[in-house]
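So this one's structure_7.txt, compact mmCIF, N, CA and C atoms and all ligand atoms:
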```
# COMPACT_ATOMS: atom_id res chain seq x y z
N MET L 1 73.87 85.11 48.40
CA MET L 1 72.48 84.82 48.72
C MET L 1 71.57 85.79 47.97
N ILE L 2 70.52 85.26 47.41
CA ILE L 2 69.58 86.08 46.67
C ILE L 2 68.32 86.35 47.50
N GLU L 3 67.88 85.34 48.26
CA GLU L 3 66.65 85.51 49.02
C GLU L 3 66.80 84.85 50.39
N LYS L 4 66.78 85.67 51.43
CA LYS L 4 66.89 85.14 52.78
C LYS L 4 65.72 84.17 53.03
N ASP L 5 66.05 83.01 53.59
CA ASP L 5 65.03 81.98 53.86
C ASP L 5 64.33 81.52 52.59
N GLY L 6 65.02 81.59 51.47
CA GLY L 6 64.44 81.18 50.19
C GLY L 6 64.52 79.68 49.97
N ILE L 7 64.67 79.29 48.71
CA ILE L 7 64.71 77.88 48.32
C ILE L 7 65.89 77.18 49.00
N GLU L 8 65.64 75.98 49.51
CA GLU L 8 66.68 75.19 50.16
C GLU L 8 67.73 74.79 49.13
N CYS L 9 68.98 74.91 49.52
CA CYS L 9 70.11 74.63 48.63
C CYS L 9 70.84 73.37 49.10
N GLY L 10 71.56 72.74 48.19
CA GLY L 10 72.33 71.55 48.51
C GLY L 10 73.45 71.81 49.50
N CYS L 11 73.85 73.05 49.67
CA CYS L 11 74.92 73.40 50.61
C CYS L 11 74.43 73.45 52.05
N GLY L 12 73.10 73.38 52.22
CA GLY L 12 72.55 73.41 53.56
C GLY L 12 71.94 74.76 53.93
N ARG L 13 72.21 75.79 53.14
CA ARG L 13 71.63 77.11 53.40
C ARG L 13 70.36 77.27 52.57
N ARG L 14 69.77 78.44 52.64
CA ARG L 14 68.58 78.75 51.86
C ARG L 14 68.80 80.04 51.07
N GLY L 15 68.19 80.08 49.90
CA GLY L 15 68.20 81.31 49.11
C GLY L 15 69.48 81.58 48.34
N CYS L 16 70.31 80.57 48.13
CA CYS L 16 71.60 80.75 47.45
C CYS L 16 71.42 81.17 45.98
N PHE L 17 72.38 81.91 45.48
CA PHE L 17 72.45 82.37 44.08
C PHE L 17 72.21 81.19 43.13
N GLU L 18 72.85 80.07 43.41
CA GLU L 18 72.73 78.86 42.58
C GLU L 18 71.27 78.45 42.36
N LYS L 19 70.45 78.61 43.36
CA LYS L 19 69.05 78.16 43.28
C LYS L 19 68.18 79.12 42.49
N TYR L 20 68.69 80.32 42.18
CA TYR L 20 67.90 81.34 41.49
C TYR L 20 68.48 81.76 40.14
N ALA L 21 69.76 81.50 39.93
CA ALA L 21 70.40 82.05 38.74
C ALA L 21 71.20 81.03 37.93
N SER L 22 71.10 79.76 38.26
CA SER L 22 71.81 78.73 37.50
C SER L 22 70.95 78.28 36.31
N ILE L 23 71.54 77.49 35.45
CA ILE L 23 70.77 76.92 34.34
C ILE L 23 69.71 75.97 34.90
N THR L 24 70.06 75.24 35.94
CA THR L 24 69.07 74.36 36.58
C THR L 24 67.87 75.17 37.06
N ALA L 25 68.15 76.33 37.64
CA ALA L 25 67.06 77.20 38.10
C ALA L 25 66.21 77.68 36.93
N LEU L 26 66.86 78.06 35.83
CA LEU L 26 66.11 78.53 34.65
C LEU L 26 65.21 77.43 34.10
N LEU L 27 65.74 76.21 34.02
CA LEU L 27 64.93 75.09 33.49
C LEU L 27 63.75 74.81 34.42
N LYS L 28 63.99 74.90 35.70
CA LYS L 28 62.90 74.67 36.66
C LYS L 28 61.85 75.78 36.56
N MET L 29 62.31 77.02 36.48
CA MET L 29 61.38 78.16 36.41
C MET L 29 60.54 78.12 35.13
N THR L 30 61.14 77.65 34.02
CA THR L 30 60.42 77.63 32.74
C THR L 30 59.76 76.27 32.48
N SER L 31 59.92 75.33 33.42
CA SER L 31 59.37 73.97 33.28
C SER L 31 59.79 73.36 31.94
N THR L 32 61.07 73.47 31.63
CA THR L 32 61.60 72.90 30.40
C THR L 32 62.71 71.89 30.72
N GLU L 33 63.04 71.09 29.69
CA GLU L 33 64.03 70.02 29.87
C GLU L 33 65.45 70.47 29.54
N ASN L 34 65.58 71.46 28.63
CA ASN L 34 66.91 71.89 28.22
C ASN L 34 66.85 73.36 27.76
N LEU L 35 68.03 73.94 27.55
CA LEU L 35 68.08 75.36 27.19
C LEU L 35 67.49 75.65 25.82
N LYS L 36 67.64 74.71 24.90
CA LYS L 36 67.07 74.92 23.55
C LYS L 36 65.56 75.10 23.65
N GLU L 37 64.93 74.24 24.41
CA GLU L 37 63.48 74.33 24.61
C GLU L 37 63.13 75.62 25.37
N ALA L 38 63.90 75.92 26.42
CA ALA L 38 63.63 77.11 27.22
C ALA L 38 63.69 78.37 26.36
N PHE L 39 64.75 78.50 25.57
CA PHE L 39 64.90 79.72 24.76
C PHE L 39 63.92 79.76 23.60
N TYR L 40 63.48 78.63 23.11
CA TYR L 40 62.42 78.61 22.11
C TYR L 40 61.16 79.23 22.72
N LEU L 41 60.82 78.80 23.93
CA LEU L 41 59.62 79.33 24.59
C LEU L 41 59.78 80.79 25.01
N ILE L 42 61.00 81.15 25.41
CA ILE L 42 61.25 82.54 25.81
C ILE L 42 60.97 83.48 24.64
N GLU L 43 61.26 83.03 23.43
CA GLU L 43 61.01 83.86 22.25
C GLU L 43 59.56 83.83 21.79
N LYS L 44 58.82 82.79 22.18
CA LYS L 44 57.46 82.61 21.63
C LYS L 44 56.33 82.87 22.62
N ASN L 45 56.59 82.74 23.90
CA ASN L 45 55.52 82.73 24.90
C ASN L 45 55.70 83.88 25.90
N SER L 46 54.73 84.77 25.98
CA SER L 46 54.88 85.95 26.84
C SER L 46 54.96 85.58 28.33
N ASN L 47 54.27 84.53 28.73
CA ASN L 47 54.36 84.11 30.14
C ASN L 47 55.78 83.65 30.47
N ILE L 48 56.38 82.89 29.57
CA ILE L 48 57.75 82.41 29.77
C ILE L 48 58.73 83.58 29.68
N GLN L 49 58.43 84.57 28.85
CA GLN L 49 59.27 85.77 28.79
C GLN L 49 59.28 86.48 30.14
N ASN L 50 58.14 86.54 30.80
CA ASN L 50 58.06 87.15 32.13
C ASN L 50 58.87 86.35 33.15
N VAL L 51 58.81 85.05 33.04
CA VAL L 51 59.60 84.18 33.93
C VAL L 51 61.09 84.43 33.68
N PHE L 52 61.45 84.56 32.41
CA PHE L 52 62.86 84.80 32.06
C PHE L 52 63.32 86.15 32.60
N GLU L 53 62.46 87.15 32.57
CA GLU L 53 62.80 88.46 33.14
C GLU L 53 63.11 88.32 34.63
N LYS L 54 62.33 87.51 35.33
CA LYS L 54 62.57 87.27 36.75
C LYS L 54 63.91 86.55 36.95
N TYR L 55 64.18 85.58 36.09
CA TYR L 55 65.47 84.87 36.14
C TYR L 55 66.63 85.86 35.96
N LEU L 56 66.51 86.73 34.95
CA LEU L 56 67.57 87.72 34.71
C LEU L 56 67.70 88.69 35.88
N GLU L 57 66.59 88.99 36.52
CA GLU L 57 66.61 89.84 37.71
C GLU L 57 67.43 89.15 38.81
N ASN L 58 67.18 87.87 39.01
CA ASN L 58 67.94 87.10 40.00
C ASN L 58 69.43 87.07 39.65
N LEU L 59 69.72 86.77 38.39
CA LEU L 59 71.12 86.71 37.95
C LEU L 59 71.80 88.06 38.13
N SER L 60 71.10 89.12 37.78
CA SER L 60 71.68 90.47 37.91
C SER L 60 71.93 90.83 39.37
N GLU L 61 71.10 90.36 40.29
CA GLU L 61 71.33 90.61 41.72
C GLU L 61 72.67 90.03 42.15
N GLY L 62 72.91 88.79 41.78
CA GLY L 62 74.15 88.12 42.16
C GLY L 62 75.37 88.77 41.52
N LEU L 63 75.26 89.10 40.24
CA LEU L 63 76.40 89.73 39.55
C LEU L 63 76.67 91.12 40.12
N ALA L 64 75.60 91.86 40.42
CA ALA L 64 75.77 93.19 41.01
C ALA L 64 76.42 93.08 42.38
N ASN L 65 76.06 92.05 43.15
CA ASN L 65 76.71 91.83 44.45
C ASN L 65 78.22 91.65 44.26
N ILE L 66 78.60 90.84 43.29
CA ILE L 66 80.02 90.60 43.02
C ILE L 66 80.71 91.90 42.62
N ILE L 67 80.08 92.65 41.73
CA ILE L 67 80.67 93.92 41.26
C ILE L 67 80.78 94.91 42.41
N ASN L 68 79.75 94.99 43.24
CA ASN L 68 79.77 95.95 44.35
C ASN L 68 80.82 95.60 45.41
N ILE L 69 81.12 94.32 45.55
CA ILE L 69 82.12 93.90 46.54
C ILE L 69 83.54 93.99 45.97
N PHE L 70 83.74 93.44 44.77
CA PHE L 70 85.09 93.29 44.24
C PHE L 70 85.48 94.31 43.17
N ASP L 71 84.51 94.99 42.58
CA ASP L 71 84.76 95.97 41.53
C ASP L 71 85.67 95.41 40.42
N PRO L 72 85.30 94.28 39.84
CA PRO L 72 86.16 93.66 38.82
C PRO L 72 86.19 94.48 37.52
N GLU L 73 87.26 94.31 36.75
CA GLU L 73 87.33 95.00 35.46
C GLU L 73 86.41 94.33 34.45
N MET L 74 86.18 93.02 34.66
CA MET L 74 85.38 92.29 33.68
C MET L 74 84.75 91.06 34.32
N LEU L 75 83.55 90.73 33.89
CA LEU L 75 82.91 89.46 34.26
C LEU L 75 82.65 88.71 32.96
N VAL L 76 82.96 87.43 32.95
CA VAL L 76 82.77 86.62 31.75
C VAL L 76 81.79 85.50 32.08
N ILE L 77 80.74 85.41 31.27
CA ILE L 77 79.73 84.38 31.46
C ILE L 77 80.01 83.24 30.48
N GLY L 78 80.19 82.05 31.03
CA GLY L 78 80.39 80.87 30.20
C GLY L 78 79.21 79.95 30.37
N GLY L 79 79.40 78.69 30.08
CA GLY L 79 78.34 77.71 30.25
C GLY L 79 77.27 77.81 29.19
N GLY L 80 76.22 77.06 29.39
CA GLY L 80 75.16 76.94 28.39
C GLY L 80 74.48 78.25 28.05
N LEU L 81 74.35 79.12 29.04
CA LEU L 81 73.69 80.40 28.79
C LEU L 81 74.42 81.22 27.73
N SER L 82 75.74 81.05 27.67
CA SER L 82 76.54 81.85 26.75
C SER L 82 76.16 81.60 25.29
N GLU L 83 75.53 80.49 25.00
CA GLU L 83 75.10 80.19 23.63
C GLU L 83 73.95 81.10 23.19
N TYR L 84 73.33 81.80 24.13
CA TYR L 84 72.15 82.62 23.84
C TYR L 84 72.41 84.10 24.11
N GLU L 85 73.64 84.50 23.89
CA GLU L 85 74.08 85.87 24.13
C GLU L 85 73.14 86.91 23.52
N ASP L 86 72.72 86.70 22.29
CA ASP L 86 71.89 87.69 21.60
C ASP L 86 70.56 87.92 22.31
N ILE L 87 70.10 86.93 23.04
CA ILE L 87 68.79 87.05 23.69
C ILE L 87 68.87 87.68 25.07
N PHE L 88 69.96 87.41 25.80
CA PHE L 88 69.96 87.83 27.20
C PHE L 88 70.95 88.93 27.57
N LEU L 89 72.07 89.07 26.85
CA LEU L 89 73.17 89.90 27.36
C LEU L 89 72.80 91.37 27.55
N TYR L 90 72.14 91.95 26.58
CA TYR L 90 71.79 93.38 26.69
C TYR L 90 70.86 93.61 27.88
N LYS L 91 69.84 92.77 28.00
CA LYS L 91 68.88 92.90 29.11
C LYS L 91 69.58 92.71 30.45
N LEU L 92 70.46 91.71 30.52
CA LEU L 92 71.18 91.45 31.77
C LEU L 92 72.05 92.63 32.16
N LYS L 93 72.78 93.18 31.18
CA LYS L 93 73.64 94.34 31.46
C LYS L 93 72.83 95.50 32.01
N SER L 94 71.70 95.77 31.42
CA SER L 94 70.90 96.91 31.88
C SER L 94 70.38 96.68 33.30
N LYS L 95 70.06 95.44 33.64
CA LYS L 95 69.61 95.13 35.00
C LYS L 95 70.77 95.24 35.99
N VAL L 96 71.95 94.79 35.60
CA VAL L 96 73.12 94.87 36.49
C VAL L 96 73.50 96.32 36.75
N VAL L 97 73.56 97.12 35.69
CA VAL L 97 73.99 98.52 35.82
C VAL L 97 73.09 99.28 36.80
N SER L 98 71.82 98.95 36.82
CA SER L 98 70.90 99.66 37.72
C SER L 98 71.15 99.33 39.20
N LYS L 99 71.95 98.30 39.47
CA LYS L 99 72.16 97.85 40.85
C LYS L 99 73.56 98.10 41.40
N ILE L 100 74.46 98.63 40.58
CA ILE L 100 75.83 98.79 41.07
C ILE L 100 75.99 100.16 41.72
N TYR L 101 76.79 100.20 42.78
CA TYR L 101 76.98 101.42 43.56
C TYR L 101 77.97 102.38 42.93
N ASN L 102 79.10 101.82 42.52
CA ASN L 102 80.18 102.65 41.97
C ASN L 102 79.88 102.97 40.52
N LYS L 103 79.42 104.18 40.29
CA LYS L 103 79.03 104.52 38.92
C LYS L 103 80.23 104.64 37.99
N TYR L 104 81.46 104.67 38.57
CA TYR L 104 82.64 104.62 37.71
C TYR L 104 82.77 103.24 37.08
N THR L 105 82.06 102.29 37.67
CA THR L 105 82.06 100.93 37.14
C THR L 105 80.98 100.79 36.07
N TYR L 106 80.30 101.89 35.81
CA TYR L 106 79.16 101.86 34.90
C TYR L 106 79.48 101.18 33.57
N ASP L 107 80.68 101.44 33.07
CA ASP L 107 81.02 100.86 31.77
C ASP L 107 81.81 99.56 31.91
N PHE L 108 81.59 98.83 33.03
CA PHE L 108 82.29 97.57 33.24
C PHE L 108 81.97 96.61 32.08
N ASN L 109 82.87 95.66 31.90
CA ASN L 109 82.69 94.69 30.83
C ASN L 109 82.01 93.44 31.35
N LEU L 110 80.84 93.17 30.85
CA LEU L 110 80.15 91.91 31.09
C LEU L 110 80.08 91.24 29.73
N LYS L 111 80.83 90.16 29.61
CA LYS L 111 80.96 89.53 28.30
C LYS L 111 80.63 88.05 28.38
N VAL L 112 80.45 87.47 27.21
CA VAL L 112 80.23 86.04 27.09
C VAL L 112 81.56 85.42 26.66
N ALA L 113 81.89 84.27 27.24
CA ALA L 113 83.14 83.59 26.92
C ALA L 113 83.23 83.32 25.41
N THR L 114 84.38 83.63 24.83
CA THR L 114 84.58 83.42 23.40
C THR L 114 84.33 81.97 23.03
N LEU L 115 84.74 81.06 23.90
CA LEU L 115 84.57 79.63 23.62
C LEU L 115 83.21 79.11 24.07
N LYS L 116 82.38 80.03 24.55
CA LYS L 116 81.01 79.73 24.98
C LYS L 116 80.96 78.52 25.91
N ASN L 117 80.10 77.55 25.63
CA ASN L 117 79.91 76.43 26.56
C ASN L 117 81.13 75.51 26.65
N ASP L 118 82.06 75.64 25.70
CA ASP L 118 83.26 74.79 25.71
C ASP L 118 84.40 75.40 26.54
N ALA L 119 84.20 76.62 27.05
CA ALA L 119 85.27 77.31 27.76
C ALA L 119 85.80 76.49 28.95
N GLY L 120 84.89 75.91 29.72
CA GLY L 120 85.30 75.15 30.90
C GLY L 120 86.11 73.92 30.56
N ILE L 121 85.63 73.15 29.61
CA ILE L 121 86.32 71.89 29.27
C ILE L 121 87.67 72.16 28.60
N ILE L 122 87.73 73.19 27.76
CA ILE L 122 89.00 73.52 27.11
C ILE L 122 89.98 74.09 28.14
N GLY L 123 89.48 74.91 29.04
CA GLY L 123 90.33 75.46 30.10
C GLY L 123 90.88 74.36 30.99
N ALA L 124 90.03 73.40 31.33
CA ALA L 124 90.48 72.29 32.18
C ALA L 124 91.53 71.45 31.46
N SER L 125 91.34 71.23 30.15
CA SER L 125 92.30 70.42 29.40
C SER L 125 93.64 71.14 29.24
N MET L 126 93.63 72.47 29.30
CA MET L 126 94.86 73.25 29.15
C MET L 126 95.57 73.48 30.48
N LEU L 127 94.90 73.17 31.58
CA LEU L 127 95.45 73.48 32.90
C LEU L 127 96.81 72.81 33.13
N GLY L 128 96.93 71.55 32.73
CA GLY L 128 98.19 70.84 32.91
C GLY L 128 99.34 71.52 32.22
N LYS L 129 99.08 72.05 31.04
CA LYS L 129 100.11 72.75 30.26
C LYS L 129 100.64 73.96 31.02
N TYR L 130 99.74 74.69 31.68
CA TYR L 130 100.15 75.91 32.36
C TYR L 130 100.70 75.66 33.75
N LEU L 131 100.41 74.50 34.32
CA LEU L 131 100.92 74.18 35.65
C LEU L 131 102.30 73.53 35.58
N SER L 132 102.68 73.03 34.41
CA SER L 132 103.98 72.33 34.29
C SER L 132 105.10 73.29 33.92
ZN ZN L 201 73.85 77.00 48.69
```

Take the structure from the file and write it as structure tokens.
Ligand SMILES: [Zn+2]
Amino acid sequence: MIEKDGIECGCGRRGCFEKYASITALLKMTSTENLKEAFYLIEKNSNIQNVFEKYLENLSEGLANIINIFDPEMLVIGGGLSEYEDIFLYKLKSKVVSKIYNKYTYDFNLKVATLKNDAGIIGASMLGKYLS
């Protein structure tokens, strides 16, 4: 949860991470139709840049929650956002680091999936091979 009593979510609760840090949330916050348009505006429009900073703040809250609870060795971001690594990853890392409790985790790995937006579909297609 990112915001108690926040935006209503499809799961029936309010304020869920999904409603603040998903691609759907980013498109809604930037009033854009797709990520290409959103990131075009993020680079060109200072108002949209401020909106994107808020989005990254939301995303970093959720990721920091995961790190603070599970202390993972690595987090990998896939999906559409991963196509824009150069624009968001450094800023996101700096926001996450400021929120984590265990400073030994300071140098944790937050990376973008090598296969970027195709990681999910390729992983799903390979699942049968590894289950057999
Ligand atoms: Zn929910």

Mind listing the residues within 7 Å of ligand ZN 201 (chain L), only N, CA and C atoms and all ligand atoms counted, as a PyMOL selection string?
chain L and resi 8-19

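Picture a line from atom CA of Asp5 of chain L to atom N of Ser94 of chain L; it runs 27.2 Å.
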
Using only C-alpha atoms for the distances, tell me which of L:Thr32, L:Asn58, L:Asn50, L:Ser22 is nearest to Gly78 of chain L.
L:Ser22

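Residue nearest Asn117 of chain L, chosen from L:Ile7, L:Leu81, L:Leu92, L:Leu41 and counting only N, CA and C atoms: L:Leu81.
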
Let me make sure I understand: among L:Ala113, L:Ile23, L:Leu127, L:Leu63, which one has the smallest atom-to-atom distance to Ser82 of chain L if we use only N, CA and C atoms?
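Comparing L:Ala113, L:Ile23, L:Leu127, L:Leu63 against Ser82 of chain L, the winner is L:Ala113.
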
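Interatomic distance, atom N of Lys93 of chain L against atom CA of Leu110 of chain L: 7.5 Å.
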
All strand (DSSP E or B) positions in chain L, as a PyMOL selection string:
chain L and resi 8+14+74-77+109-112

Could you state the separation of atom C of Tyr104 of chain L and atom N of Leu89 of chain L in Å, given to one decimal place?
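The value is 20.5 Å.
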
Which of segment 17-74 of chain L DSSP labels helix (DSSP H, G or I), written as an MDAnalysis selection string
chainID L and resid 17:21 23:30 35:44 46:70

Considering all atoms listed in the file, state which residue in the set L:Ile100, L:Leu56, L:Leu131, L:Leu115 is at the smallest distance from Asn68 of chain L.
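Closest to Asn68 of chain L, using all atoms listed in the file: L:Ile100.
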
Pick from L:Gly6, L:Gly80, L:Gly62, L:Pro72 nearest to Thr24 of chain L, counting only C-alpha atoms:
L:Gly80

Taking (75.4, 89.1, 25.1) in the file's own coordinates, collect the residues within 5 Å, counting all atoms listed in the file, and hand them back as a compact mmCIF listing (two decimals) with N, CA and C atoms, keeping the file's coordinate frame.
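Output file result.txt is given in full below:
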```txt
# COMPACT_ATOMS: atom_id res chain seq x y z
N GLU L 85 73.64 84.50 23.89
CA GLU L 85 74.08 85.87 24.13
C GLU L 85 73.14 86.91 23.52
N ASP L 86 72.72 86.70 22.29
CA ASP L 86 71.89 87.69 21.60
C ASP L 86 70.56 87.92 22.31
N LEU L 89 72.07 89.07 26.85
CA LEU L 89 73.17 89.90 27.36
C LEU L 89 72.80 91.37 27.55
N TYR L 90 72.14 91.95 26.58
CA TYR L 90 71.79 93.38 26.69
C TYR L 90 70.86 93.61 27.88
```

Point out the residue among L:Ile69, L:Leu27, L:Glu33, L:Glu61 with the least atom-to-atom distance to Tyr101 of chain L, counting all atoms listed in the file.
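Of L:Ile69, L:Leu27, L:Glu33, L:Glu61, the one nearest Tyr101 of chain L, counting all atoms listed in the file, is L:Ile69.
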
At a cut-off of 10 Å, using only C-alpha atoms, what residues contact Phe108 of chain L? Leave out same-chain residues fewer than 5 positions from it and give the result as a ChimeraX atom specification.
/L:67,71-75,93,97,103
